[in-house]
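Novice: Contents of input-v4.pdb (PDB, C-alpha atoms) are given next:
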```pdb
ATOM      1  CA  MET A  59       0.000   0.000   0.000
ATOM      2  CA  PRO A  60       1.509   3.403  -0.938
ATOM      3  CA  ASP A  61       2.265   5.978   1.727
ATOM      4  CA  VAL A  62      -0.630   8.313   2.367
ATOM      5  CA  GLN A  63       0.132  11.985   1.792
ATOM      6  CA  ALA A  64      -2.142  14.601   3.255
ATOM      7  CA  ASP A  65      -3.781  16.656   0.517
ATOM      8  CA  VAL A  66      -4.094  20.232   1.704
ATOM      9  CA  ASN A  67      -4.687  23.384  -0.313
ATOM     10  CA  ILE A  68      -3.716  26.672   1.328
ATOM     11  CA  ARG A  69      -4.680  30.115   0.087
ATOM     12  CA  GLN A  70      -4.830  33.601   1.511
ATOM     13  CA  ASP A  71      -7.792  35.965   1.788
ATOM     14  CA  GLY A  72      -6.593  39.249   3.342
ATOM     15  CA  ASP A  73      -5.054  38.265   6.658
ATOM     16  CA  ILE A  74      -6.904  34.944   6.751
ATOM     17  CA  ARG A  75      -5.336  31.661   5.731
ATOM     18  CA  ILE A  76      -7.870  29.298   4.208
ATOM     19  CA  ILE A  77      -6.849  25.671   4.526
ATOM     20  CA  GLU A  78      -8.852  23.336   2.379
ATOM     21  CA  LEU A  79      -8.621  19.719   3.506
ATOM     22  CA  LYS A  80      -8.957  17.746   0.306
ATOM     23  CA  ASP A  81      -8.867  14.170   1.616
ATOM     24  CA  ARG A  82     -12.200  12.350   1.853
ATOM     25  CA  LYS A  83     -10.968  10.425   4.879
ATOM     26  CA  ILE A  84      -8.697  11.795   7.569
ATOM     27  CA  LEU A  85      -7.856   8.598   9.401
ATOM     28  CA  GLU A  86      -4.254   7.636   8.720
ATOM     29  CA  GLU A  87      -1.773   8.388  11.464
ATOM     30  CA  LEU A  88       0.868   9.662   9.038
ATOM     31  CA  GLN A  89      -1.665  11.777   7.189
ATOM     32  CA  ILE A  90      -2.927  13.293  10.466
ATOM     33  CA  ARG A  91       0.632  14.028  11.541
ATOM     34  CA  GLN A  92       1.356  15.755   8.216
ATOM     35  CA  ILE A  93      -1.751  17.918   8.573
ATOM     36  CA  GLU A  94      -0.773  18.747  12.143
ATOM     37  CA  GLU A  95       2.715  19.815  11.025
ATOM     38  CA  ARG A  96       1.388  22.002   8.193
ATOM     39  CA  LEU A  97      -1.128  23.691  10.451
ATOM     40  CA  SER A  98       1.400  24.170  13.216
ATOM     41  CA  GLU A  99       3.783  25.868  10.748
ATOM     42  CA  LEU A 100       1.007  28.232   9.704
ATOM     43  CA  VAL A 101       0.312  29.175  13.323
ATOM     44  CA  GLU A 102       3.975  29.789  14.034
ATOM     45  CA  ALA A 103       4.384  31.869  10.858
ATOM     46  CA  GLU A 104       1.986  34.598  11.985
ATOM     47  CA  ALA A 105       1.976  36.890  15.009
ATOM     48  CA  THR A 106      -1.802  36.510  15.369
ATOM     49  CA  PRO A 107      -2.812  33.648  13.064
ATOM     50  CA  LYS A 108      -6.258  33.606  11.523
ATOM     51  CA  LEU A 109      -6.998  30.160  10.156
ATOM     52  CA  LEU A 110     -10.097  28.927   8.382
ATOM     53  CA  LEU A 111     -10.260  25.147   7.979
ATOM     54  CA  ASP A 112     -12.558  24.086   5.177
ATOM     55  CA  PHE A 113     -13.844  20.524   5.648
ATOM     56  CA  SER A 114     -16.194  20.474   2.631
ATOM     57  CA  ALA A 115     -14.404  17.521   1.024
ATOM     58  CA  VAL A 116     -14.031  15.481   4.220
ATOM     59  CA  GLU A 117     -16.402  12.573   4.813
ATOM     60  CA  HIS A 118     -14.601  10.714   7.600
ATOM     61  CA  LEU A 119     -12.603  11.969  10.550
ATOM     62  CA  SER A 120     -11.119   9.921  13.377
ATOM     63  CA  SER A 121     -10.926  10.953  17.026
ATOM     64  CA  ALA A 122      -7.156  11.281  16.522
ATOM     65  CA  ALA A 123      -7.877  14.010  13.963
ATOM     66  CA  LEU A 124     -10.182  15.690  16.481
ATOM     67  CA  GLY A 125      -7.260  15.624  18.909
ATOM     68  CA  VAL A 126      -5.131  17.521  16.396
ATOM     69  CA  LEU A 127      -7.835  20.158  16.020
ATOM     70  CA  ILE A 128      -7.997  20.590  19.785
ATOM     71  CA  THR A 129      -4.228  21.026  19.998
ATOM     72  CA  LEU A 130      -4.318  23.476  17.091
ATOM     73  CA  ASN A 131      -7.108  25.477  18.714
ATOM     74  CA  LYS A 132      -5.040  25.791  21.875
ATOM     75  CA  GLN A 133      -1.949  26.789  19.915
ATOM     76  CA  VAL A 134      -3.900  29.464  18.004
ATOM     77  CA  ALA A 135      -5.370  30.802  21.257
ATOM     78  CA  GLU A 136      -1.881  31.053  22.751
ATOM     79  CA  HIS A 137      -0.978  33.337  19.838
ATOM     80  CA  GLN A 138      -4.174  35.386  20.378
ATOM     81  CA  GLY A 139      -5.250  34.196  16.937
ATOM     82  CA  GLN A 140      -8.530  32.781  15.664
ATOM     83  CA  LEU A 141      -9.481  29.373  14.310
ATOM     84  CA  VAL A 142     -12.723  28.774  12.445
ATOM     85  CA  LEU A 143     -13.944  25.425  11.113
ATOM     86  CA  ALA A 144     -16.314  25.394   8.154
ATOM     87  CA  GLY A 145     -18.100  23.143   5.678
ATOM     88  CA  ILE A 146     -18.345  20.237   8.092
ATOM     89  CA  HIS A 147     -20.385  17.341   6.686
ATOM     90  CA  PRO A 148     -23.547  16.734   8.802
ATOM     91  CA  GLN A 149     -22.371  13.251   9.845
ATOM     92  CA  ILE A 150     -19.073  14.664  11.065
ATOM     93  CA  TYR A 151     -20.792  17.588  12.768
ATOM     94  CA  GLU A 152     -22.730  14.967  14.691
ATOM     95  CA  VAL A 153     -19.381  13.682  16.002
ATOM     96  CA  PHE A 154     -18.571  17.204  17.208
ATOM     97  CA  LYS A 155     -21.962  17.396  18.913
ATOM     98  CA  ILE A 156     -21.694  14.005  20.602
ATOM     99  CA  THR A 157     -18.259  14.865  21.965
ATOM    100  CA  ARG A 158     -19.441  18.438  22.734
ATOM    101  CA  LEU A 159     -16.553  19.812  20.735
ATOM    102  CA  ASN A 160     -19.052  22.041  18.946
ATOM    103  CA  ARG A 161     -18.841  24.150  22.123
ATOM    104  CA  LEU A 162     -15.069  24.401  21.945
ATOM    105  CA  PHE A 163     -14.743  25.423  18.308
ATOM    106  CA  SER A 164     -16.105  28.222  16.211
ATOM    107  CA  ILE A 165     -17.971  26.285  13.487
ATOM    108  CA  GLN A 166     -19.625  27.862  10.452
ATOM    109  CA  PRO A 167     -21.767  26.178   7.777
ATOM    110  CA  THR A 168     -19.633  27.208   4.788
ATOM    111  CA  ALA A 169     -16.195  28.675   4.092
ATOM    112  CA  GLU A 170     -17.926  31.874   3.009
ATOM    113  CA  ASP A 171     -19.678  32.092   6.384
ATOM    114  CA  GLY A 172     -16.373  31.216   8.013
ATOM    115  CA  LEU A 173     -14.659  34.249   6.458
ATOM    116  CA  LYS A 174     -17.304  36.517   7.979
ATOM    117  CA  ALA A 175     -16.741  35.015  11.429
ATOM    118  CA  PHE A 176     -13.287  36.556  11.856
ATOM    119  CA  ASN A 177     -12.832  39.727  13.892
TER
ATOM    120  CA  MET B1379     -26.667  -8.011  23.685
ATOM    121  CA  LEU B1380     -23.865  -9.232  25.957
ATOM    122  CA  PHE B1381     -20.365 -10.051  24.873
ATOM    123  CA  ASP B1382     -20.350 -13.639  23.736
ATOM    124  CA  SER B1383     -17.481 -15.741  22.574
ATOM    125  CA  ARG B1384     -19.347 -17.811  20.013
ATOM    126  CA  PRO B1385     -17.211 -18.203  16.938
ATOM    127  CA  LEU B1386     -17.898 -15.880  14.037
ATOM    128  CA  PRO B1387     -17.428 -17.111  10.460
ATOM    129  CA  HIS B1388     -14.555 -14.819   9.477
ATOM    130  CA  ARG B1389     -11.287 -14.632  11.386
ATOM    131  CA  VAL B1390      -8.291 -12.561  10.383
ATOM    132  CA  VAL B1391      -5.023 -12.198  12.281
ATOM    133  CA  ILE B1392      -2.889  -9.174  11.436
ATOM    134  CA  PRO B1393       0.292  -7.675  12.848
ATOM    135  CA  SER B1394      -0.432  -4.713  15.094
ATOM    136  CA  ASP B1395      -0.191  -2.173  12.304
ATOM    137  CA  LEU B1396      -2.765   0.428  11.302
ATOM    138  CA  ARG B1397      -2.193  -0.069   7.576
ATOM    139  CA  ALA B1398      -3.054  -3.750   7.890
ATOM    140  CA  ALA B1399      -5.997  -2.823  10.117
ATOM    141  CA  ARG B1400      -7.329  -0.442   7.501
ATOM    142  CA  GLN B1401      -7.380  -3.149   4.844
ATOM    143  CA  ILE B1402      -9.663  -5.250   7.050
ATOM    144  CA  GLU B1403     -11.819  -2.213   7.762
ATOM    145  CA  GLU B1404     -12.220  -1.655   4.028
ATOM    146  CA  GLU B1405     -13.129  -5.305   3.491
ATOM    147  CA  ILE B1406     -15.796  -5.152   6.202
ATOM    148  CA  ILE B1407     -17.215  -1.910   4.797
ATOM    149  CA  ARG B1408     -17.320  -3.457   1.309
ATOM    150  CA  GLU B1409     -19.340  -6.359   2.703
ATOM    151  CA  THR B1410     -21.850  -4.045   4.399
ATOM    152  CA  GLU B1411     -22.219  -2.007   1.221
ATOM    153  CA  ALA B1412     -22.744  -5.157  -0.833
ATOM    154  CA  LEU B1413     -25.593  -6.082   1.520
ATOM    155  CA  GLY B1414     -27.221  -2.680   1.070
ATOM    156  CA  TYR B1415     -26.373  -1.090   4.422
ATOM    157  CA  SER B1416     -27.068   2.656   4.280
ATOM    158  CA  PRO B1417     -24.217   5.183   3.964
ATOM    159  CA  GLN B1418     -25.027   6.363   7.519
ATOM    160  CA  CYS B1419     -24.677   2.812   8.755
ATOM    161  CA  ALA B1420     -21.392   2.353   6.899
ATOM    162  CA  PHE B1421     -20.163   5.660   8.363
ATOM    163  CA  ALA B1422     -20.945   4.417  11.874
ATOM    164  CA  ILE B1423     -19.249   1.071  11.308
ATOM    165  CA  ARG B1424     -16.155   2.664   9.796
ATOM    166  CA  LEU B1425     -15.884   5.147  12.640
ATOM    167  CA  ALA B1426     -16.211   2.424  15.283
ATOM    168  CA  LEU B1427     -13.781   0.074  13.534
ATOM    169  CA  GLU B1428     -11.222   2.840  13.226
ATOM    170  CA  GLU B1429     -11.452   3.753  16.907
ATOM    171  CA  ALA B1430     -11.351   0.109  18.021
ATOM    172  CA  MET B1431      -8.348  -0.707  15.817
ATOM    173  CA  VAL B1432      -6.436   2.333  17.044
ATOM    174  CA  ASN B1433      -7.217   1.378  20.649
ATOM    175  CA  ALA B1434      -6.080  -2.215  20.064
ATOM    176  CA  HIS B1435      -2.862  -1.094  18.397
ATOM    177  CA  LYS B1436      -1.904   1.881  20.550
ATOM    178  CA  HIS B1437      -3.246   1.048  23.986
ATOM    179  CA  GLY B1438      -3.559  -2.749  23.844
ATOM    180  CA  ASN B1439      -0.407  -3.639  21.955
ATOM    181  CA  ASN B1440       1.526  -0.452  22.805
ATOM    182  CA  GLY B1441       2.091   0.146  19.097
ATOM    183  CA  ASN B1442       4.278  -2.945  18.874
ATOM    184  CA  PRO B1443       4.029  -4.453  15.362
ATOM    185  CA  ALA B1444       5.398  -7.755  16.673
ATOM    186  CA  GLN B1445       2.093  -8.199  18.487
ATOM    187  CA  ARG B1446      -1.116  -9.162  16.773
ATOM    188  CA  ILE B1447      -4.698  -8.049  16.402
ATOM    189  CA  VAL B1448      -7.337 -10.703  15.868
ATOM    190  CA  ILE B1449     -10.473  -9.628  14.036
ATOM    191  CA  THR B1450     -13.483 -11.921  13.827
ATOM    192  CA  TYR B1451     -16.656 -10.847  12.129
ATOM    193  CA  ASP B1452     -20.011 -11.729  10.703
ATOM    194  CA  ILE B1453     -21.821  -9.417   8.319
ATOM    195  CA  THR B1454     -25.377 -10.499   7.631
ATOM    196  CA  PRO B1455     -28.319  -8.717   6.020
ATOM    197  CA  GLU B1456     -29.567  -7.975   9.561
ATOM    198  CA  ARG B1457     -26.473  -6.801  11.411
ATOM    199  CA  ALA B1458     -22.719  -6.462  11.496
ATOM    200  CA  VAL B1459     -20.877  -8.088  14.393
ATOM    201  CA  VAL B1460     -17.133  -7.495  14.710
ATOM    202  CA  ARG B1461     -14.778  -8.489  17.510
ATOM    203  CA  ILE B1462     -11.320  -6.971  17.808
ATOM    204  CA  ARG B1463      -8.819  -8.532  20.171
ATOM    205  CA  ASP B1464      -5.349  -7.321  21.103
ATOM    206  CA  GLU B1465      -2.587  -8.969  23.072
ATOM    207  CA  GLY B1466      -2.534  -6.429  25.879
ATOM    208  CA  ARG B1467      -3.412  -6.863  29.522
ATOM    209  CA  GLY B1468      -6.814  -5.320  28.995
ATOM    210  CA  PHE B1469      -8.502  -2.474  30.828
ATOM    211  CA  ASP B1470     -11.702  -1.694  32.696
ATOM    212  CA  PRO B1471     -13.964   0.238  30.312
ATOM    213  CA  ASP B1472     -16.038   1.466  33.259
ATOM    214  CA  CYS B1473     -13.006   3.407  34.495
ATOM    215  CA  VAL B1474     -12.626   5.469  31.337
ATOM    216  CA  PRO B1475     -13.471   9.080  32.214
ATOM    217  CA  ASP B1476     -16.295  10.888  30.471
ATOM    218  CA  PRO B1477     -14.653  12.948  27.679
ATOM    219  CA  THR B1478     -17.573  15.396  27.723
ATOM    220  CA  ALA B1479     -16.921  16.444  31.333
ATOM    221  CA  PRO B1480     -16.086  20.185  31.217
ATOM    222  CA  ASP B1481     -12.502  19.650  32.387
ATOM    223  CA  ARG B1482     -11.904  16.925  29.772
ATOM    224  CA  ILE B1483     -13.367  18.586  26.674
ATOM    225  CA  PRO B1484     -10.099  20.473  25.967
ATOM    226  CA  LEU B1485      -8.056  17.259  26.111
ATOM    227  CA  PRO B1486      -6.968  15.847  22.739
ATOM    228  CA  GLU B1487      -7.617  12.175  23.577
ATOM    229  CA  GLY B1488     -10.116   9.811  25.165
ATOM    230  CA  ARG B1489     -13.137   9.960  22.835
ATOM    231  CA  GLY B1490     -12.854   6.641  21.013
ATOM    232  CA  ILE B1491     -15.020   4.457  23.251
ATOM    233  CA  MET B1492     -17.631   7.151  23.620
ATOM    234  CA  LEU B1493     -17.923   7.510  19.849
ATOM    235  CA  MET B1494     -18.195   3.738  19.390
ATOM    236  CA  ARG B1495     -21.028   3.638  21.923
ATOM    237  CA  ALA B1496     -22.774   6.604  20.357
ATOM    238  CA  TYR B1497     -22.767   5.165  16.857
ATOM    239  CA  LEU B1498     -23.345   1.456  17.433
ATOM    240  CA  ASP B1499     -26.195  -0.589  18.849
ATOM    241  CA  ALA B1500     -23.912  -2.460  21.243
ATOM    242  CA  VAL B1501     -20.310  -2.205  22.393
ATOM    243  CA  ARG B1502     -19.194  -4.902  24.832
ATOM    244  CA  PHE B1503     -15.819  -5.844  26.250
ATOM    245  CA  ASN B1504     -14.685  -9.246  27.389
ATOM    246  CA  GLU B1505     -13.864  -9.721  31.049
ATOM    247  CA  GLN B1506     -10.166  -9.118  30.563
ATOM    248  CA  GLY B1507     -10.852  -5.960  28.579
ATOM    249  CA  ASN B1508      -8.648  -6.860  25.626
ATOM    250  CA  GLU B1509     -11.440  -7.695  23.198
ATOM    251  CA  VAL B1510     -14.309  -5.513  22.097
ATOM    252  CA  GLN B1511     -17.468  -6.667  20.364
ATOM    253  CA  LEU B1512     -19.123  -4.148  18.075
ATOM    254  CA  VAL B1513     -22.690  -4.624  16.865
ATOM    255  CA  LYS B1514     -24.526  -2.492  14.360
ATOM    256  CA  GLU B1515     -28.021  -3.336  13.192
ATOM    257  CA  ARG B1516     -28.551  -2.715   9.502
ATOM    258  CA  SER B1517     -30.320   0.470   8.550
TER
END
```
Please, can you express the file's structure as structure tokens?
Specialist:
Amino acid sequence: MPDVQADVNIRQDGDIRIIELKDRKILEELQIRQIEERLSELVEAEATPKLLLDFSAVEHLSSAALGVLITLNKQVAEHQGQLVLAGIHPQIYEVFKITRLNRLFSIQPTAEDGLKAFN
Amino acid sequence: MLFDSRPLPHRVVIPSDLRAARQIEEEIIRETEALGYSPQCAFAIRLALEEAMVNAHKHGNNGNPAQRIVITYDITPERAVVRIRDEGRGFDPDCVPDPTAPDRIPLPEGRGIMLMRAYLDAVRFNEQGNEVQLVKERS
């Protein structure tokens, strides 16, 4: 089986970094670690990072991936930045609700809504 | 439904390795899809299998690929039954803290068992705590 590479598209809108997660499934340990590293670099690159994570393409997410998001959220908060999640598939949003992580994160229906959620 | 140790028709033994685990997950999902399980049902089964495999590998076998994971399963038109066994000492599932407690929500780990229970019809552990039985009724 070939190595899994995380497929991430990053673009800029003003001072907001939009990170589009292109993988349908975010399950693989290596893939999750790669995403974590990319996101961590983005946080460290800015004085007050503003990150919008677009999950529109994602259909499956493991609890390990949720763990990465929690760590990222903390890291962004430490830099007085802002993290917004958007485009979360209803089945995955249910996972956020069950685990009550919907209370921890700023979650918007679409990336467009997500852009408006930044200060 | 209680944990039972009646043999299931399919038995696969893999090294404790998440790549190998994922191949079995895919095979099980293919079988449910072939029997017309709904996408929601397949989502639930995949999620639970993933969490159970990661638990078996990381916590049961301490990530040691020299150890094994034994997967037994039966996918029928009515339900999917999967058992996942590691070679660890086991644990007491009743002692796992509630990940939705306010002080635990910010922690990055500890949600796997809760998610399995939320998405499946039954999640049972053997007495030793090193084998989990997952049951999902077809929908």
Novice: Anything within 12 Å of (-19.8, 2.2, 30.8): list those residues as an MDAnalysis selection string, counting all atoms listed in the file and sticking to the file's coordinates.
Specialist: chainID B and resid 1470:1476 1491:1492 1494:1496 1500:1503
Novice: Could you write out as a VMD selection string the residues that the ChimeraX specification (/A :<10) & /B matches in the shown file?
Specialist: chain B and resid 1396 to 1398 1400 to 1401 1418 1421 to 1422 1424 to 1426 1428 to 1429 1432 1476 to 1480 1483 to 1493 1496 to 1497
Novice: Any chance you can output those residues with C-alpha atoms as a compact mmCIF listing (two decimals), keeping the file's coordinate frame?
Specialist:
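Result file follows (part-v3.txt):
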```
# COMPACT_ATOMS: atom_id res chain seq x y z
CA LEU B 1396 -2.76 0.43 11.30
CA ARG B 1397 -2.19 -0.07 7.58
CA ALA B 1398 -3.05 -3.75 7.89
CA ARG B 1400 -7.33 -0.44 7.50
CA GLN B 1401 -7.38 -3.15 4.84
CA GLN B 1418 -25.03 6.36 7.52
CA PHE B 1421 -20.16 5.66 8.36
CA ALA B 1422 -20.94 4.42 11.87
CA ARG B 1424 -16.16 2.66 9.80
CA LEU B 1425 -15.88 5.15 12.64
CA ALA B 1426 -16.21 2.42 15.28
CA GLU B 1428 -11.22 2.84 13.23
CA GLU B 1429 -11.45 3.75 16.91
CA VAL B 1432 -6.44 2.33 17.04
CA ASP B 1476 -16.30 10.89 30.47
CA PRO B 1477 -14.65 12.95 27.68
CA THR B 1478 -17.57 15.40 27.72
CA ALA B 1479 -16.92 16.44 31.33
CA PRO B 1480 -16.09 20.18 31.22
CA ILE B 1483 -13.37 18.59 26.67
CA PRO B 1484 -10.10 20.47 25.97
CA LEU B 1485 -8.06 17.26 26.11
CA PRO B 1486 -6.97 15.85 22.74
CA GLU B 1487 -7.62 12.18 23.58
CA GLY B 1488 -10.12 9.81 25.16
CA ARG B 1489 -13.14 9.96 22.84
CA GLY B 1490 -12.85 6.64 21.01
CA ILE B 1491 -15.02 4.46 23.25
CA MET B 1492 -17.63 7.15 23.62
CA LEU B 1493 -17.92 7.51 19.85
CA ALA B 1496 -22.77 6.60 20.36
CA TYR B 1497 -22.77 5.16 16.86
```
Novice: Which residue gives the smallest distance to Gly72 of chain A among A:Leu173, A:Ser164, A:Ile93, A:Gly139, with only C-alpha atoms counted?
Specialist: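 The closest residue to Gly72 of chain A is A:Leu173.
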Novice: Centre and edge lengths of an axis-aligned box around all listed atoms of segment 1408-1415 of chain B, with 5 Å added on each side, are to be given in Å to one decimal, as JSON.
Specialist:
```
{"center_x": -22.3, "center_y": -3.7, "center_z": 1.8, "size_x": 19.9, "size_y": 15.3, "size_z": 15.3}
```
Novice: Within 6 Å of (-15.5, 27.6, 14.0) (file coordinates; all atoms listed in the file), which protein or nucleic acid residues are there? I'd like them as a PyMOL selection string.
Specialist: chain A and resi 142-143+163-166
Novice: List the neighbours of Gly1438 of chain B out to 8 Å using all atoms listed in the file; skip same-chain residues closer than 5 positions along the sequence, and give me the result as a compact mmCIF listing (two decimals) with C-alpha atoms, in the coordinates of the input.
Specialist:
```
# COMPACT_ATOMS: atom_id res chain seq x y z
CA ASN B 1433 -7.22 1.38 20.65
CA ASP B 1464 -5.35 -7.32 21.10
CA GLU B 1465 -2.59 -8.97 23.07
CA GLY B 1466 -2.53 -6.43 25.88
CA ARG B 1467 -3.41 -6.86 29.52
CA GLY B 1468 -6.81 -5.32 29.00
CA ASN B 1508 -8.65 -6.86 25.63
```
Novice: For the file shown, what are the residues hit by the PyMOL selection byres ((chain B and resi 1406) around 10), laid out as a ChimeraX atom specification?
Specialist: /B:1400-1405,1407-1412,1420,1423-1424,1427,1451-1453,1458,1460
Novice: Quick one: distance from atom CA of Arg82 of chain A to atom CA of Val66 of chain A in Å, one decimal?
Specialist: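 We find that atom CA of Arg82 of chain A and atom CA of Val66 of chain A lie 11.3 Å from each other.
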Novice: Enumerate, as a PyMOL selection string, the residues matched when the PyMOL selection byres ((chain B and resi 1445) around 10) is run on the file above.
Specialist: chain B and resi 1392-1395+1435+1438-1444+1446-1447+1464-1466
Novice: What does the distance from atom CA of Gln1506 of chain B to atom CA of Phe1469 of chain B come to in Å, to one decimal?
Specialist: 6.9 Å
Novice: Grab the atom CA of Asp81 of chain A to atom CA of Val1448 of chain B distance for me, in Å with one decimal place.
Specialist: 28.7 Å
Novice: Give the answer as one residue: which of A:Val134, A:Ile90, A:Ala64, A:Leu79 has the shortest atom-to-atom distance to Ala105 of chain A, using only C-alpha atoms?
Specialist: A:Val134
Novice: Find the residues near Glu104 of chain A: any atom within 12 Å, counting all atoms listed in the file, skip ones fewer than 5 places away on the same chain, and give them as a PDB file with C-alpha atoms, in the frame of the given file.
Specialist:
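result08.pdb, freshly written:
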```
ATOM      1  CA  ASP A  73      -5.054  38.265   6.658  1.00  0.00           C
ATOM      2  CA  ILE A  74      -6.904  34.944   6.751  1.00  0.00           C
ATOM      3  CA  ARG A  75      -5.336  31.661   5.731  1.00  0.00           C
ATOM      4  CA  LEU A  97      -1.128  23.691  10.451  1.00  0.00           C
ATOM      5  CA  SER A  98       1.400  24.170  13.216  1.00  0.00           C
ATOM      6  CA  GLU A  99       3.783  25.868  10.748  1.00  0.00           C
ATOM      7  CA  LEU A 109      -6.998  30.160  10.156  1.00  0.00           C
ATOM      8  CA  GLN A 133      -1.949  26.789  19.915  1.00  0.00           C
ATOM      9  CA  VAL A 134      -3.900  29.464  18.004  1.00  0.00           C
ATOM     10  CA  GLU A 136      -1.881  31.053  22.751  1.00  0.00           C
ATOM     11  CA  HIS A 137      -0.978  33.337  19.838  1.00  0.00           C
ATOM     12  CA  GLN A 138      -4.174  35.386  20.378  1.00  0.00           C
ATOM     13  CA  GLY A 139      -5.250  34.196  16.937  1.00  0.00           C
ATOM     14  CA  GLN A 140      -8.530  32.781  15.664  1.00  0.00           C
TER      15      GLN A 140
END
```
Novice: With distances taken over only C-alpha atoms, which residue among B:Val1510, B:Asn1504, B:Pro1385, B:Gly1414 lies nearest Arg1457 of chain B?
Specialist: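 Counting only C-alpha atoms, the residue closest to Arg1457 of chain B is B:Gly1414.
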